[in-house]
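Beneath this line is the structure, given in structure tokens, with notes to follow.
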Amino acid sequence: MKKKLTNPTTRIIASIVLGIVIGVLVCFIAIRFGYSHIKSTDLMEYNVNLIGLNIFNIQREGAEYIGTPNNSNMMFIGLAFSMVLAIVTETIVAFKNQGLKKNL
């Protein structure tokens, strides 16, 4: 596995894909907590916010719950996770490579 991630292009693509997956999971968990919150209280409407961005709006109509996603904010969160993960990964690799060059 280490051998495959020596190529920077492969490493960045893997970081971007993993960042998107992490962003989707974080949004899913936040939305799930939003549904749990509105079901446990008597609210008629609840906005699910993540990092100050409205990602989902849940409304109660009778006994039914209707959710409306804000796709642009969810995509932004996935993009942010991807960028942060790619930068962190490349920084760690750069520091490791710098340490290896000093030892030679």
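Scheme for the structure tokens: letters A, B, ... for chains in order shown; per-chain residue numbers from 1; ligand numbers from 1 in order shown.
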
| said: So that I can see what lies close to A:Ser15, please list as an MDAnalysis selection string the residues with an atom at most 8 Å from it, counting only C-alpha atoms and leaving out residues fewer than 2 positions away in the same chain. | reply: chainID A and resid 11:13 17:19 82 85:86 89

Could those residues be written to a file, using N, CA, C and O atoms, as an mmCIF file, in the first residue's frame?
```cif
data_model
loop_
_atom_site.group_PDB
_atom_site.id
_atom_site.type_symbol
_atom_site.label_atom_id
_atom_site.label_comp_id
_atom_site.auth_asym_id
_atom_site.auth_seq_id
_atom_site.Cartn_x
_atom_site.Cartn_y
_atom_site.Cartn_z
ATOM 1 N N ARG A 11 -1.815 10.033 -4.743
ATOM 2 C CA ARG A 11 -2.018 10.464 -3.360
ATOM 3 C C ARG A 11 -3.063 11.577 -3.298
ATOM 4 O O ARG A 11 -3.946 11.559 -2.440
ATOM 5 N N ILE A 12 -2.994 12.542 -4.197
ATOM 6 C CA ILE A 12 -3.943 13.659 -4.182
ATOM 7 C C ILE A 12 -5.339 13.180 -4.565
ATOM 8 O O ILE A 12 -6.328 13.580 -3.946
ATOM 9 N N ILE A 13 -5.438 12.326 -5.563
ATOM 10 C CA ILE A 13 -6.749 11.785 -5.951
ATOM 11 C C ILE A 13 -7.368 11.002 -4.798
ATOM 12 O O ILE A 13 -8.559 11.136 -4.503
ATOM 13 N N VAL A 17 -10.925 11.968 -2.922
ATOM 14 C CA VAL A 17 -12.033 11.008 -2.805
ATOM 15 C C VAL A 17 -12.353 10.733 -1.345
ATOM 16 O O VAL A 17 -13.526 10.727 -0.939
ATOM 17 N N LEU A 18 -11.320 10.523 -0.536
ATOM 18 C CA LEU A 18 -11.540 10.261 0.883
ATOM 19 C C LEU A 18 -12.160 11.476 1.574
ATOM 20 O O LEU A 18 -13.033 11.331 2.432
ATOM 21 N N GLY A 19 -11.754 12.684 1.188
ATOM 22 C CA GLY A 19 -12.331 13.892 1.762
ATOM 23 C C GLY A 19 -13.807 14.026 1.434
ATOM 24 O O GLY A 19 -14.608 14.441 2.274
ATOM 25 N N SER A 82 -12.012 17.740 1.409
ATOM 26 C CA SER A 82 -11.053 17.237 0.423
ATOM 27 C C SER A 82 -9.792 18.083 0.395
ATOM 28 O O SER A 82 -8.678 17.556 0.382
ATOM 29 N N LEU A 85 -7.780 17.653 3.664
ATOM 30 C CA LEU A 85 -7.126 16.342 3.710
ATOM 31 C C LEU A 85 -5.958 16.278 2.732
ATOM 32 O O LEU A 85 -4.892 15.741 3.073
ATOM 33 N N ALA A 86 -6.099 16.837 1.541
ATOM 34 C CA ALA A 86 -5.002 16.835 0.565
ATOM 35 C C ALA A 86 -3.826 17.663 1.070
ATOM 36 O O ALA A 86 -2.672 17.242 0.956
ATOM 37 N N THR A 89 -2.154 15.779 4.003
ATOM 38 C CA THR A 89 -1.422 14.612 3.507
ATOM 39 C C THR A 89 -0.115 15.026 2.843
ATOM 40 O O THR A 89 0.944 14.456 3.130
#
```

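Non-sequential neighbours of stretch 33-39 of chain A (distance at most 8 Å, separation of 6 or more positions within a chain, only C-alpha atoms) are A:Glu45, A:Tyr46, A:Asn47, A:Val48, A:Ile58.
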
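Atom CA of A:Ile31 sits 12.2 Å away from atom CA of A:Ile66.
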
| message | For A:Val24, find every residue with an atom within 8 Å (counting only C-alpha atoms), except residues of its own chain fewer than 4 positions away, and show them as a list in words. | response | Ile20, Phe28, Met74 and Gly78 of chain A
